[in-house]
Structure formats: C-alpha cells, structure tokens
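Content type mmCIF, C-alpha atoms, from the file my_file.cif:
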data_work
loop_
_atom_site.label_atom_id
_atom_site.label_comp_id
_atom_site.auth_asym_id
_atom_site.auth_seq_id
_atom_site.Cartn_x
_atom_site.Cartn_y
_atom_site.Cartn_z
CA MET A 1154 -9.39 37.09 77.78
CA ARG A 1155 -9.21 40.02 75.43
CA LEU A 1156 -7.00 42.85 76.64
CA PHE A 1157 -8.92 46.03 77.33
CA VAL A 1158 -6.85 48.13 74.95
CA LEU A 1159 -7.46 45.67 72.11
CA ASN A 1160 -11.09 46.80 72.06
CA TYR A 1161 -9.70 49.84 70.28
CA ALA A 1162 -7.47 48.04 67.78
CA ARG A 1163 -8.05 48.62 64.13
CA THR A 1164 -7.27 45.74 61.86
CA THR A 1165 -4.89 46.75 59.14
CA GLU A 1166 -4.37 45.17 55.80
CA GLN A 1167 -0.98 43.63 55.27
CA LEU A 1168 -0.38 45.12 51.87
CA GLU A 1169 2.67 43.98 50.02
CA PHE A 1170 4.58 47.22 49.83
CA SER A 1171 6.77 47.70 46.82
CA ALA A 1172 8.68 50.95 47.07
CA PRO A 1173 9.43 52.62 43.75
CA TYR A 1174 12.99 53.23 44.87
CA THR A 1175 16.00 51.12 45.71
CA TYR A 1176 18.87 51.44 48.13
CA ASP A 1177 22.06 52.59 46.48
CA SER A 1178 24.95 51.30 48.57
CA GLY A 1179 27.33 53.71 46.86
CA LEU A 1180 25.34 56.77 47.82
CA GLN A 1181 24.05 55.11 51.00
CA LEU A 1182 20.52 56.27 50.35
CA ASN A 1183 17.45 55.34 48.32
CA VAL A 1184 17.16 56.51 44.74
CA LEU A 1185 14.41 56.54 42.14
CA PRO A 1186 14.86 54.80 38.79
CA ASP A 1187 15.92 58.13 37.26
CA GLY A 1188 18.65 58.53 39.88
CA ARG A 1189 16.97 61.23 41.97
CA ILE A 1190 17.05 60.94 45.75
CA ALA A 1191 13.71 59.38 46.72
CA ALA A 1192 13.42 61.30 49.99
CA HIS A 1193 13.51 64.58 48.06
CA ASP A 1194 10.39 63.62 46.11
CA GLN A 1195 7.89 65.10 48.52
CA ALA A 1196 4.85 64.04 46.54
CA LEU A 1197 6.02 60.45 46.65
CA MET A 1198 6.88 60.61 50.33
CA ARG A 1199 3.42 61.98 51.12
CA GLU A 1200 1.80 59.28 49.04
CA LEU A 1201 3.72 56.48 50.74
CA GLY A 1202 3.69 57.96 54.24
CA ALA A 1203 7.25 56.75 54.55
CA THR A 1204 8.38 59.61 56.78
CA THR A 1205 5.27 59.92 58.93
CA SER A 1206 4.94 59.10 62.59
CA THR A 1207 3.32 55.74 61.86
CA ALA A 1208 5.99 54.56 59.44
CA GLY A 1209 7.61 51.45 60.79
CA SER A 1210 5.73 51.63 64.05
CA LYS A 1211 5.16 47.89 64.13
CA THR A 1212 8.85 47.30 64.54
CA HIS A 1213 10.20 50.39 66.23
CA PHE A 1214 9.54 52.28 69.44
CA ASP A 1215 10.20 55.58 67.78
CA ASP A 1216 7.17 57.28 66.37
CA MET B 1266 36.31 61.98 61.17
CA THR B 1267 33.31 59.97 60.11
CA VAL B 1268 29.63 59.97 61.02
CA LEU B 1269 28.27 56.46 61.58
CA ILE B 1270 24.56 55.93 60.98
CA LEU B 1271 22.94 52.76 62.29
CA THR B 1272 19.68 52.21 60.48
CA CYS B 1273 17.86 50.00 58.00
CA GLU B 1274 18.09 50.53 54.26
CA GLN B 1275 14.40 51.41 53.99
CA ASP B 1276 14.81 54.43 56.26
CA VAL B 1277 14.18 57.29 53.83
CA THR B 1278 14.14 59.79 56.69
CA ALA B 1279 17.79 58.96 57.30
CA ASP B 1280 18.35 59.58 53.60
CA LEU B 1281 17.56 63.26 54.19
CA VAL B 1282 20.45 63.48 56.62
CA VAL B 1283 22.82 61.41 54.48
CA ALA B 1284 22.15 63.78 51.60
CA GLN B 1285 22.94 66.76 53.84
CA LEU B 1286 26.20 65.16 54.94
CA HIS B 1287 27.12 64.51 51.31
CA THR B 1288 26.45 68.18 50.55
CA THR B 1289 28.80 69.34 53.26
CA GLY B 1290 31.43 66.72 52.47
CA VAL B 1291 31.33 65.05 55.88
CA PRO B 1292 32.35 61.38 55.60
CA VAL B 1293 29.50 59.05 56.51
CA VAL B 1294 29.13 55.30 56.83
CA ARG B 1295 25.65 53.84 57.06
CA LEU B 1296 24.97 50.28 58.06
CA ASP B 1297 22.29 48.06 59.51
CA PRO B 1298 23.37 45.93 62.48
CA ALA B 1299 20.98 43.27 61.18
CA ASP B 1300 23.63 42.59 58.54
CA LEU B 1301 26.28 41.72 61.14
CA PRO B 1302 27.81 39.24 60.48
CA GLY B 1303 27.73 39.12 56.70
CA GLY B 1304 27.21 42.42 54.95
CA VAL B 1305 28.74 44.12 57.96
CA ALA B 1306 32.05 42.96 59.43
CA LEU B 1307 33.93 44.20 62.46
CA SER B 1308 37.22 43.75 64.19
CA GLY B 1309 38.72 45.30 67.28
CA GLU B 1310 41.89 44.62 69.20
CA TYR B 1311 42.87 45.62 72.68
CA VAL B 1312 46.65 45.47 72.87
CA ASN B 1313 49.22 47.25 75.03
CA GLY B 1314 46.62 49.41 76.66
CA ALA B 1315 45.18 50.66 73.38
CA PHE B 1316 42.17 49.88 71.25
CA ARG B 1317 41.99 49.76 67.49
CA GLY B 1318 38.94 48.66 65.59
CA GLN B 1319 37.22 48.86 62.27
CA LEU B 1320 33.87 48.31 60.65
CA THR B 1321 33.36 47.44 57.02
CA THR B 1322 30.24 47.45 54.90
CA GLY B 1323 29.52 47.83 51.22
CA GLY B 1324 33.20 48.19 50.38
CA ARG B 1325 33.68 50.94 52.98
CA SER B 1326 35.88 50.67 56.01
CA VAL B 1327 35.93 52.99 58.96
CA SER B 1328 38.28 53.09 61.91
CA LEU B 1329 36.39 53.06 65.19
CA ASN B 1330 38.87 55.62 66.49
CA GLY B 1331 37.90 57.85 63.58
CA LEU B 1332 34.23 58.14 64.46
CA ARG B 1333 32.97 61.63 65.05
CA SER B 1334 29.43 60.68 66.03
CA ILE B 1335 26.96 57.81 65.90
CA TRP B 1336 23.30 58.22 64.95
CA LEU B 1337 21.22 55.40 66.38
CA ARG B 1338 18.28 55.79 64.05
CA ARG B 1339 16.33 52.64 63.16
CA PRO B 1340 18.86 49.85 63.50
CA GLY B 1341 17.84 46.27 62.86
CA VAL B 1342 18.52 43.63 65.46
CA PRO B 1343 22.07 42.31 65.04
CA ALA B 1344 22.53 38.97 63.26
CA THR B 1345 18.94 38.63 62.11
CA ARG B 1346 19.82 38.31 58.43
CA VAL B 1347 22.21 35.42 58.76
CA ALA B 1348 21.35 32.00 57.35
CA GLU B 1349 20.78 30.52 60.80
CA PRO B 1350 19.79 33.28 63.21
CA SER B 1351 19.64 32.56 66.90
CA PRO B 1352 19.15 34.59 70.07
CA TRP B 1353 22.67 33.65 71.12
CA LEU B 1354 24.27 34.90 67.91
CA THR B 1355 22.24 38.08 68.19
CA GLU B 1356 23.53 38.62 71.71
CA GLU B 1357 27.11 37.89 70.67
CA SER B 1358 26.90 40.27 67.71
CA SER B 1359 25.10 42.95 69.68
CA GLN B 1360 27.65 42.89 72.47
CA ALA B 1361 30.55 42.97 70.01
CA LEU B 1362 29.16 45.89 68.01
CA TYR B 1363 27.65 48.07 70.69
CA GLY B 1364 30.34 47.20 73.19
CA MET B 1365 33.05 48.44 70.84
CA LEU B 1366 31.07 51.49 69.80
CA ARG B 1367 30.41 52.45 73.40
CA GLY B 1368 34.16 52.49 73.94
CA THR B 1369 34.97 54.86 71.11
CA GLY B 1370 34.15 58.14 72.80
CA ALA B 1371 32.08 59.24 69.79
CA ARG B 1372 29.02 61.40 70.43
CA TRP B 1373 25.74 59.51 70.28
CA MET B 1374 22.38 60.58 69.02
CA ASN B 1375 21.07 58.96 71.13
CA ASP B 1376 23.16 57.01 73.58
CA PRO B 1377 21.79 53.45 73.49
CA ASP B 1378 21.37 53.15 77.24
CA ALA B 1379 19.61 56.51 77.49
CA ALA B 1380 17.51 55.59 74.46
CA ARG B 1381 16.39 52.30 75.97
CA ARG B 1382 15.28 53.97 79.17
CA ALA B 1383 13.60 56.83 77.34
CA ARG B 1384 11.40 54.47 75.32
CA HIS B 1385 9.36 53.56 78.40
CA LYS B 1386 6.18 55.62 78.35
CA PRO B 1387 5.60 55.37 82.11
CA TRP B 1388 9.13 56.67 82.67
CA GLN B 1389 8.47 59.49 80.18
CA ILE B 1390 5.37 60.56 82.04
CA ARG B 1391 7.14 60.72 85.39
CA HIS B 1392 10.20 62.36 83.86
CA ALA B 1393 8.01 65.00 82.23
CA GLN B 1394 6.36 65.73 85.58
CA ARG B 1395 9.76 66.11 87.21
CA SER B 1396 10.92 68.35 84.37
CA GLY B 1397 8.04 70.73 84.92
CA LEU B 1398 5.87 69.83 81.94
CA PRO B 1399 2.08 69.66 82.36
CA VAL B 1400 0.98 66.03 82.07
CA PRO B 1401 -2.67 64.92 81.83
CA ALA B 1402 -3.84 62.77 84.74
CA THR B 1403 -2.77 59.22 83.88
CA LEU B 1404 -3.38 55.76 85.31
CA ILE B 1405 -1.55 52.57 84.35
CA THR B 1406 -3.14 49.60 86.03
CA THR B 1407 -4.23 45.99 86.00
CA PHE B 1408 -6.81 46.66 88.72
CA PRO B 1409 -10.29 46.99 87.20
CA GLN B 1410 -11.50 48.80 90.31
CA ALA B 1411 -8.69 51.34 90.03
CA ALA B 1412 -9.78 51.99 86.45
CA ARG B 1413 -13.41 52.43 87.54
CA ASP B 1414 -12.40 54.83 90.31
CA PHE B 1415 -10.20 56.80 87.90
CA ALA B 1416 -13.05 57.02 85.40
CA GLU B 1417 -15.28 58.47 88.11
CA ARG B 1418 -12.70 61.13 88.91
CA PHE B 1419 -11.92 61.82 85.25
CA PRO B 1420 -14.98 60.87 83.21
CA ASP B 1421 -13.49 61.84 79.83
CA LEU B 1422 -10.65 59.37 79.20
CA VAL B 1423 -8.52 58.03 76.41
CA VAL B 1424 -6.71 54.69 76.27
CA LYS B 1425 -3.45 53.88 74.51
CA PRO B 1426 -0.83 51.13 74.54
CA VAL B 1427 1.62 51.40 77.43
CA SER B 1428 4.55 50.63 75.16
CA GLY B 1429 3.50 52.83 72.29
CA THR B 1430 3.79 49.86 69.97
CA HIS B 1431 1.16 47.93 68.09
CA PRO B 1432 0.45 44.21 68.22
CA ILE B 1433 2.03 42.13 65.51
CA ALA B 1434 -0.07 39.41 63.95
CA GLY B 1435 0.18 36.25 66.00
CA ALA B 1436 2.03 37.97 68.83
CA HIS B 1437 -0.99 37.57 71.03
CA PRO B 1438 -3.93 35.15 70.85
CA GLN B 1439 -6.68 36.38 68.55
CA GLN B 1440 -4.28 38.93 67.16
CA LEU B 1441 -4.67 40.12 63.63
CA PRO B 1442 -2.38 42.78 62.14
CA SER B 1443 -3.57 45.94 63.78
CA THR B 1444 -2.83 49.37 65.09
CA ILE B 1445 -4.14 50.89 68.27
CA PRO B 1446 -4.71 54.62 67.96
CA THR B 1447 -5.14 56.62 71.12
CA SER B 1448 -8.89 56.27 71.54
CA ARG B 1449 -11.62 57.94 73.52
CA ILE B 1450 -13.41 55.68 75.99
CA THR B 1451 -17.16 55.48 75.90
CA PRO B 1452 -18.76 56.51 79.22
CA GLY B 1453 -19.90 53.51 81.23
CA MET B 1454 -17.25 51.24 79.75
CA ASP B 1455 -16.72 47.89 81.47
CA PHE B 1456 -13.17 47.84 82.81
CA THR B 1457 -13.09 44.15 83.77
CA ALA B 1458 -10.62 43.36 80.98
CA VAL B 1459 -8.07 45.72 82.50
CA ALA B 1460 -7.03 42.71 84.60
CA PHE B 1461 -5.73 40.95 81.48
CA GLY B 1462 -2.94 43.41 80.78
CA PRO B 1463 -1.51 46.75 81.91
CA THR B 1464 -3.80 49.49 80.64
CA LEU B 1465 -2.94 53.15 80.24
CA LEU B 1466 -5.84 55.54 80.80
CA GLN B 1467 -5.38 59.28 80.50
CA ARG B 1468 -7.62 62.29 80.92
CA ARG B 1469 -8.58 63.57 77.50
CA ILE B 1470 -7.43 67.12 76.91
CA ALA B 1471 -9.89 69.16 74.86
CA LYS B 1472 -7.33 70.25 72.33
CA VAL B 1473 -7.29 73.06 69.84
CA ALA B 1474 -4.10 71.87 68.19
CA ASP B 1475 -1.48 69.16 68.15
CA ILE B 1476 2.14 70.12 68.63
CA ARG B 1477 5.24 68.28 67.46
CA LEU B 1478 8.39 69.73 68.96
CA THR B 1479 11.56 68.29 67.48
CA VAL B 1480 14.68 69.02 69.47
CA VAL B 1481 18.11 68.46 68.00
CA GLY B 1482 20.83 69.26 70.49
CA ASP B 1483 19.96 72.79 71.58
CA ARG B 1484 17.86 73.51 68.52
CA MET B 1485 14.07 73.50 68.95
CA LEU B 1486 11.78 73.22 65.96
CA ALA B 1487 8.12 73.25 66.84
CA ALA B 1488 5.18 72.65 64.54
CA ARG B 1489 1.48 73.11 65.20
CA LYS B 1490 -1.45 71.39 63.52
CA ALA B 1491 -4.64 73.25 64.27
CA LEU B 1492 -7.81 71.31 64.89
CA PRO B 1493 -10.61 72.27 62.50
CA PRO B 1494 -13.64 73.79 64.27
CA ASP B 1495 -15.81 70.91 63.12
CA ALA B 1496 -13.32 68.22 64.17
CA ASP B 1497 -14.78 65.02 65.59
CA PRO B 1498 -13.95 64.99 69.35
CA ASP B 1499 -13.62 61.22 69.17
CA GLU B 1500 -10.75 61.59 66.72
CA VAL B 1501 -8.06 61.88 69.34
CA ASP B 1502 -4.91 60.56 67.70
CA VAL B 1503 -3.34 63.03 65.28
CA ARG B 1504 -1.49 60.22 63.53
CA TYR B 1505 -4.77 58.87 62.25
CA ALA B 1506 -6.69 62.14 61.91
CA THR B 1507 -8.51 62.78 58.69
CA SER B 1508 -7.97 66.55 58.92
CA GLY B 1509 -5.93 67.93 56.08
CA SER B 1510 -4.65 70.97 57.92
CA PRO B 1511 -0.87 71.19 57.55
CA TRP B 1512 1.78 71.44 60.22
CA GLN B 1513 2.95 75.02 60.61
CA PRO B 1514 5.97 76.44 62.45
CA VAL B 1515 5.21 77.83 65.89
CA ASP B 1516 7.28 79.41 68.63
CA VAL B 1517 7.89 77.43 71.78
CA PRO B 1518 6.51 79.03 74.96
CA ALA B 1519 9.42 79.98 77.22
CA ARG B 1520 8.27 77.79 80.12
CA THR B 1521 7.85 74.80 77.85
CA ALA B 1522 11.25 75.36 76.28
CA SER B 1523 12.86 75.53 79.68
CA ALA B 1524 11.18 72.31 80.86
CA VAL B 1525 12.04 70.51 77.64
CA ARG B 1526 15.69 71.40 78.10
CA VAL B 1527 15.56 69.90 81.59
CA TYR B 1528 13.83 66.79 80.23
CA LEU B 1529 16.47 66.15 77.58
CA ARG B 1530 19.41 67.05 79.76
CA ASP B 1531 18.36 64.71 82.56
CA ALA B 1532 17.36 62.00 80.09
CA GLU B 1533 20.78 62.36 78.47
CA LEU B 1534 19.19 62.62 75.03
CA ALA B 1535 20.56 64.64 72.13
CA TYR B 1536 17.38 64.22 70.10
CA GLY B 1537 13.74 64.10 71.08
CA ALA B 1538 10.43 64.41 69.24
CA PHE B 1539 7.87 65.66 71.72
CA ASP B 1540 4.14 65.31 71.22
CA PHE B 1541 1.93 67.83 72.99
CA VAL B 1542 -1.69 68.87 72.71
CA GLU B 1543 -2.55 72.53 73.11
CA ASP B 1544 -5.69 73.42 75.03
CA ALA B 1545 -7.89 76.51 74.73
CA ASP B 1546 -5.72 78.35 77.27
CA GLY B 1547 -2.63 77.80 75.16
CA ILE B 1548 -1.13 75.23 77.55
CA TRP B 1549 0.99 72.54 75.92
CA TRP B 1550 0.19 69.21 77.60
CA PHE B 1551 2.91 66.59 77.36
CA LEU B 1552 1.88 63.32 75.76
CA GLU B 1553 5.19 61.65 74.99
CA CYS B 1554 8.74 62.11 73.79
CA ASN B 1555 9.95 59.72 71.13
CA GLN B 1556 13.69 59.53 71.32
CA SER B 1557 13.97 58.63 67.63
CA GLY B 1558 10.74 60.11 66.32
CA GLN B 1559 10.12 60.68 62.65
CA PHE B 1560 10.57 64.20 61.33
CA GLY B 1561 10.33 64.06 57.56
CA PHE B 1562 6.59 64.72 57.52
CA VAL B 1563 7.04 67.87 59.62
CA GLU B 1564 9.92 69.14 57.53
CA MET B 1565 7.88 68.67 54.36
CA ASP B 1566 4.99 70.76 55.69
CA THR B 1567 6.94 73.45 57.51
CA GLY B 1568 10.20 73.70 55.64
CA GLN B 1569 12.00 73.61 58.99
CA PRO B 1570 15.60 72.45 58.59
CA ILE B 1571 15.35 69.37 60.80
CA ALA B 1572 17.48 67.07 58.64
CA ARG B 1573 20.07 69.79 58.34
CA SER B 1574 20.03 70.27 62.11
CA VAL B 1575 20.61 66.57 62.64
CA ALA B 1576 23.44 66.61 60.10
CA ASP B 1577 24.93 69.68 61.76
CA TRP B 1578 24.83 68.03 65.16
CA LEU B 1579 26.40 64.84 63.85
CA SER B 1580 29.10 66.84 62.08
CA HIS B 1581 29.88 68.96 65.08
CA ASP B 1582 33.07 68.20 66.98
CA GLY B 1583 32.29 69.64 70.38
CA PRO B 1584 29.41 70.45 72.70
CA ASP B 1585 26.64 72.72 71.52
CA THR B 1586 27.19 76.38 72.23
CA GLU B 1587 24.26 77.93 70.46
CA THR B 1588 20.55 77.77 71.05
CA HIS B 1589 18.12 77.66 68.18
CA ARG B 1590 14.35 77.76 68.03
CA ASN B 1591 12.49 77.02 64.85
CA GLY B 1592 15.67 77.37 62.87
CA ARG B 1593 16.45 80.84 64.18
CA MET B 1594 19.61 81.12 66.21
CA GLN B 1595 19.22 82.76 69.58
CA SER B 1596 21.62 83.65 72.31
CA ALA B 1597 22.47 80.86 74.68
CA PRO B 1598 20.66 80.94 78.03
#

Translate the structure of the given file into structure tokens.
Amino acid sequence: MRLFVLNYARTTEQLEFSAPYTYDSGLQLNVLPDGRIAAHDQALMRELGATTSTAGSKTHFDD
Amino acid sequence: MTVLILTCEQDVTADLVVAQLHTTGVPVVRLDPADLPGGVALSGEYVNGAFRGQLTTGGRSVSLNGLRSIWLRRPGVPATRVAEPSPWLTEESSQALYGMLRGTGARWMNDPDAARRARHKPWQIRHAQRSGLPVPATLITTFPQAARDFAERFPDLVVKPVSGTHPIAGAHPQQLPSTIPTSRITPGMDFTAVAFGPTLLQRRIAKVADIRLTVVGDRMLAARKALPPDADPDEVDVRYATSGSPWQPVDVPARTASAVRVYLRDAELAYGAFDFVEDADGIWWFLECNQSGQFGFVEMDTGQPIARSVADWLSHDGPDTETHRNGRMQSAP
C-alpha cells in the first residue's frame, strides 16, 4: 500500500546541521562568531540554503 | 508601538527584517510560541470593560495594547519546549496567546485564520481560478479510474503532494526521510495506488521560465529564472533544479497584477509568495501561493528590497496607500 506520490519521493540524508552562527537574544537575530549578522553573509546563506524555498519545508507549510 | 514577530530562532530570513527594523529604530519583539510557557510568559486581564496584557521574553516586555503589527512568520507550536509537553497544554497555550493577540487590533501579516485557510493547495487552486489567474488543468483524486481518464485527456502530467509538505521519517509506514519534488509522470503509469491517498495530478506546462512573485501589501516584486535551452524537461521543480541561472527582476504583466491583487484581497492576506511558470506565449500559469514563503534567496539574486518592504509594512500605522512593483513606486490604481 504505497501511496502513488511516494513513487516520486527522494530519500534525503538526515545530516546533523550545525550552523556557524548563534541566536543573539539581545539583538534578536543570528550572529556569526565575529559579531556580524549571519543573514547578511550572502555567501554563507547560499552555501547553507537557509533562505531558500526548501528551507524548513519538513516542518512548515510555507515554501 | 512595537512590531511583534512570531518565529523560531533559526529563521535567518526573519533576521533580515529584524535588522531593517533596528536600522529604522522601530521597536521589535521576537519570540517563538514554542517557548510558551517558559522562555515566553504572558498575562492579560479583562476588567471593567477593558483589556490589558503583556508578553515577556528574553528580558523584554511588551504591552499587548502597544502592538503595531504582528508578523506570523515561522512560529513553533506553543508549549512544545516544556519539560512535559502535551496536546492539552499546547491547546491551552495556543488559545491564550493567539486569543489575546487576535483581540489587540494589531495588523497581521498574515492573519492566522486567513493563513490557515490559504495553506490548502486545493483552495489555492480554486481561489486562483476565481481571481482570474490561469491555472493548469488539475485533478485531486483517490479514484484510479479518474486518474486514468485525466491522463488520457492530458497525457503530459506532473504529480505533487496535495499539502505541499514532505513526509517525515516514520510518519507513514515505509517512510524514510524524504522530499517529494513536483515530478513528471511517465506515460503509461499505473494509477492503482491513487486509491491509497489523495493524489494531485496537473497538466505539465512547457515552461520557458519560473516566476516568483513576492507581494508585500501593495508592493509587487517579481523575479524570473529563465530555463536554459538544454534544460531537462523532466526537471520540473525549480526548487530542485540544477540550473545555475539566477533570479532576475521582471515586470508583472498588468492582467496578472490585477488578478493577484484580487487573490490577496479576497484571501485577506498581506503577504504572498506566488509561484508561476511562464510558457512560450508569455503566459504566467499559477502554481501556488505560499502565504509565508521564503524570500531571502530571491533578494540575494535580484537585490529587490523584499525585507525592507516587509519591515516597512510592519512599521506602517495605517492602510497601504501606494502601489509598488519591483521596488518602484507607482500611482495607486
């Protein structure tokens, strides 16, 4: 009883994701170790795909 | 007056907006409802015909009567980070938080009731039709014969999840962690398994480009990702495409802009991220509208001021009076 749509599923690796930034509750945003705003580091954001339309799609209905 | 942002700490897209609000000096409080109770505390009293309430988090406190706007971004489920979570405590916490917030009169991006309705893809498809947007022929069914008949009428089909979500490991028998891209169906496919769960089939549009139209209030920011001439026609889903062509700003066709305004107005949404595919005739075919869709990846490629637009909308005190397309202000219709 395999759902039809699951014939098109791609298995993904559950990689342990360790972001190189941390949430700063004072600034209310994520910062890099050198204090820069992580979201402004475009190269990093591209590398991590953290702002793409698949980011978080396992838990949110908002791609 | 304060902007309240409901989202998780990992949401770096929200960071772009928080940074904008800091730049303009607009007070902002960001919290994740998952931390209620615990890291987030609330109180509200209804006495002598009046309401007074407050939220506290991270040493900040905000009066619920002092909220200018609320951005419902990627909030966690209330009470899921307590020591002993339970569905009942989640319901209690959710009703307390969202019930109080609904009573504040603050502007929502997006209103939670409108957002919940707008997440339903079948509703989106019908709403797009009613709004005047071209929608590819679509079937959602558990009847294998209906799927076979549809495939005869429209031989070139794609399939995608009805909910737009992906299975989580263990959520369904045999389920490994996976994603389900929109996928092209091989001709002659056996549709028997359609009976095991609602299946969304849609006529494949031979596209020349993907379009992401982000609408913030009255401001429309559209981006186009052209399909390379040698693109694999089986690579349907732009989210998983291997093409390296960047998103580029594009003007919104007048008819599309008009229909999109109707869509958002009638859906009661202040924000929407529309996905279209453009065919060889230049027609934008509606695929979906994500009421809280990501935008950072588009802003990075195009330089369009989406985060600033969101911050502007959240900072605004009254209804929108100006119309913008692709960051350029235009006269209101």

Practice task
Rounded to one decimal place, report the atom CA of Arg1530 of chain B-atom CA of Pro1463 of chain B distance in Å.
Solution key: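 Interatomic distance here is 29.2 Å.
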
Exercise for the section: Report as a VMD selection string the residues that result from applying the PyMOL selection byres ((chain B) within 6 of (chain A)) to the structure here. Expected result: chain B and resid 1277 to 1278 1280 1431 1442 to 1445 1458 to 1459 1461 to 1462 1555 1557 to 1559 1561 to 1562

Exercise for the section: Could you list the residues chosen by the PyMOL selection byres ((chain B and resi 1269-1272) around 8) in this structure as a list in words? Expected result: Thr1267, Val1268, Cys1273, Glu1274, Asp1276, Ala1279, Val1293, Val1294, Arg1295, Leu1296, Asp1297, Pro1298, Leu1332, Arg1333, Ser1334, Ile1335, Trp1336, Leu1337, Arg1338, Arg1339, Pro1340 and Gly1341 of chain B

Dump of C-alpha atoms for the selected residues, as a PDB file, keeping the file's coordinate frame:
ATOM      1  CA  THR B1267      33.310  59.970  60.110  1.00  0.00           C
ATOM      2  CA  VAL B1268      29.630  59.970  61.020  1.00  0.00           C
ATOM      3  CA  CYS B1273      17.860  50.000  58.000  1.00  0.00           C
ATOM      4  CA  GLU B1274      18.090  50.530  54.260  1.00  0.00           C
ATOM      5  CA  ASP B1276      14.810  54.430  56.260  1.00  0.00           C
ATOM      6  CA  ALA B1279      17.790  58.960  57.300  1.00  0.00           C
ATOM      7  CA  VAL B1293      29.500  59.050  56.510  1.00  0.00           C
ATOM      8  CA  VAL B1294      29.130  55.300  56.830  1.00  0.00           C
ATOM      9  CA  ARG B1295      25.650  53.840  57.060  1.00  0.00           C
ATOM     10  CA  LEU B1296      24.970  50.280  58.060  1.00  0.00           C
ATOM     11  CA  ASP B1297      22.290  48.060  59.510  1.00  0.00           C
ATOM     12  CA  PRO B1298      23.370  45.930  62.480  1.00  0.00           C
ATOM     13  CA  LEU B1332      34.230  58.140  64.460  1.00  0.00           C
ATOM     14  CA  ARG B1333      32.970  61.630  65.050  1.00  0.00           C
ATOM     15  CA  SER B1334      29.430  60.680  66.030  1.00  0.00           C
ATOM     16  CA  ILE B1335      26.960  57.810  65.900  1.00  0.00           C
ATOM     17  CA  TRP B1336      23.300  58.220  64.950  1.00  0.00           C
ATOM     18  CA  LEU B1337      21.220  55.400  66.380  1.00  0.00           C
ATOM     19  CA  ARG B1338      18.280  55.790  64.050  1.00  0.00           C
ATOM     20  CA  ARG B1339      16.330  52.640  63.160  1.00  0.00           C
ATOM     21  CA  PRO B1340      18.860  49.850  63.500  1.00  0.00           C
ATOM     22  CA  GLY B1341      17.840  46.270  62.860  1.00  0.00           C
TER      23      GLY B1341
END

Practice task
Pick out the residues sitting within 6 Å of segment 1392-1403 of chain B, and hand them over as a ChimeraX atom specification; count all atoms listed in the file, and ignore anything fewer than 6 positions along from it in its own chain.
Solution key: /B:1466-1468,1524,1527-1528,1550-1551

To test your reading of the syntax: which residues would the PyMOL selection byres ((chain B and resi 1502) around 10) return for the file shown? Reply as a compact mmCIF listing (two decimals) with C-alpha atoms, in the coordinates of the input.
# COMPACT_ATOMS: atom_id res chain seq x y z
CA VAL B 1423 -8.52 58.03 76.41
CA LYS B 1425 -3.45 53.88 74.51
CA ILE B 1445 -4.14 50.89 68.27
CA PRO B 1446 -4.71 54.62 67.96
CA THR B 1447 -5.14 56.62 71.12
CA SER B 1448 -8.89 56.27 71.54
CA ARG B 1449 -11.62 57.94 73.52
CA ASP B 1475 -1.48 69.16 68.15
CA ASP B 1499 -13.62 61.22 69.17
CA GLU B 1500 -10.75 61.59 66.72
CA VAL B 1501 -8.06 61.88 69.34
CA VAL B 1503 -3.34 63.03 65.28
CA ARG B 1504 -1.49 60.22 63.53
CA TYR B 1505 -4.77 58.87 62.25
CA ALA B 1506 -6.69 62.14 61.91
CA THR B 1507 -8.51 62.78 58.69

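Separating atom CA of Gln1569 of chain B from atom CA of Asp1483 of chain B is a distance of 14.9 Å.
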
Problem - Gap from atom CA of Pro1173 of chain A to atom CA of Leu1579 of chain B - Å, one decimal - result: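 Answer for the atom CA of Pro1173 of chain A to atom CA of Leu1579 of chain B separation: 29.0 Å.
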
Handout entry: Within 7 Å of segment 1305-1310 of chain B using all atoms listed in the file, minus same-chain residues under 2 positions, as a PyMOL selection string
Key = chain B and resi 1300-1303+1312+1316-1322

Practice task
Could you check which of B:Pro1452, B:Leu1552, B:Ala1411, B:Pro1493 is closest to Ile1476 of chain B, using only C-alpha atoms?
Solution key: B:Leu1552

Handout entry: Nearest to Leu1197 of chain A, chosen from B:Cys1554, B:Pro1352, B:Met1565, B:Thr1430, with only C-alpha atoms counted in the distances
Key =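 When distances to Leu1197 of chain A are compared using only C-alpha atoms, the smallest one comes from B:Met1565.
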
Practice task
With all atoms listed in the file counted, which protein, DNA or RNA residues have an atom no more than 12 Å from (29.0, 45.5, 72.7) in the file frame? Please answer as a list in words.
Solution key: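 Residues close enough to count: Pro1298, Leu1307, Ser1308, Gly1309, Pro1343, Thr1355, Glu1356, Glu1357, Ser1358, Ser1359, Gln1360, Ala1361, Leu1362, Tyr1363, Gly1364, Met1365, Leu1366, Arg1367, Gly1368, Thr1369, Pro1377 and Asp1378 of chain B.
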
Expected file: the selected residues, C-alpha atoms, as a short mmCIF file (atom, residue, chain, number, x, y, z; two decimals), in the coordinates of the input:
data_model
loop_
_atom_site.label_atom_id
_atom_site.label_comp_id
_atom_site.auth_asym_id
_atom_site.auth_seq_id
_atom_site.Cartn_x
_atom_site.Cartn_y
_atom_site.Cartn_z
CA PRO B 1298 23.37 45.93 62.48
CA LEU B 1307 33.93 44.20 62.46
CA SER B 1308 37.22 43.75 64.19
CA GLY B 1309 38.72 45.30 67.28
CA PRO B 1343 22.07 42.31 65.04
CA THR B 1355 22.24 38.08 68.19
CA GLU B 1356 23.53 38.62 71.71
CA GLU B 1357 27.11 37.89 70.67
CA SER B 1358 26.90 40.27 67.71
CA SER B 1359 25.10 42.95 69.68
CA GLN B 1360 27.65 42.89 72.47
CA ALA B 1361 30.55 42.97 70.01
CA LEU B 1362 29.16 45.89 68.01
CA TYR B 1363 27.65 48.07 70.69
CA GLY B 1364 30.34 47.20 73.19
CA MET B 1365 33.05 48.44 70.84
CA LEU B 1366 31.07 51.49 69.80
CA ARG B 1367 30.41 52.45 73.40
CA GLY B 1368 34.16 52.49 73.94
CA THR B 1369 34.97 54.86 71.11
CA PRO B 1377 21.79 53.45 73.49
CA ASP B 1378 21.37 53.15 77.24
#
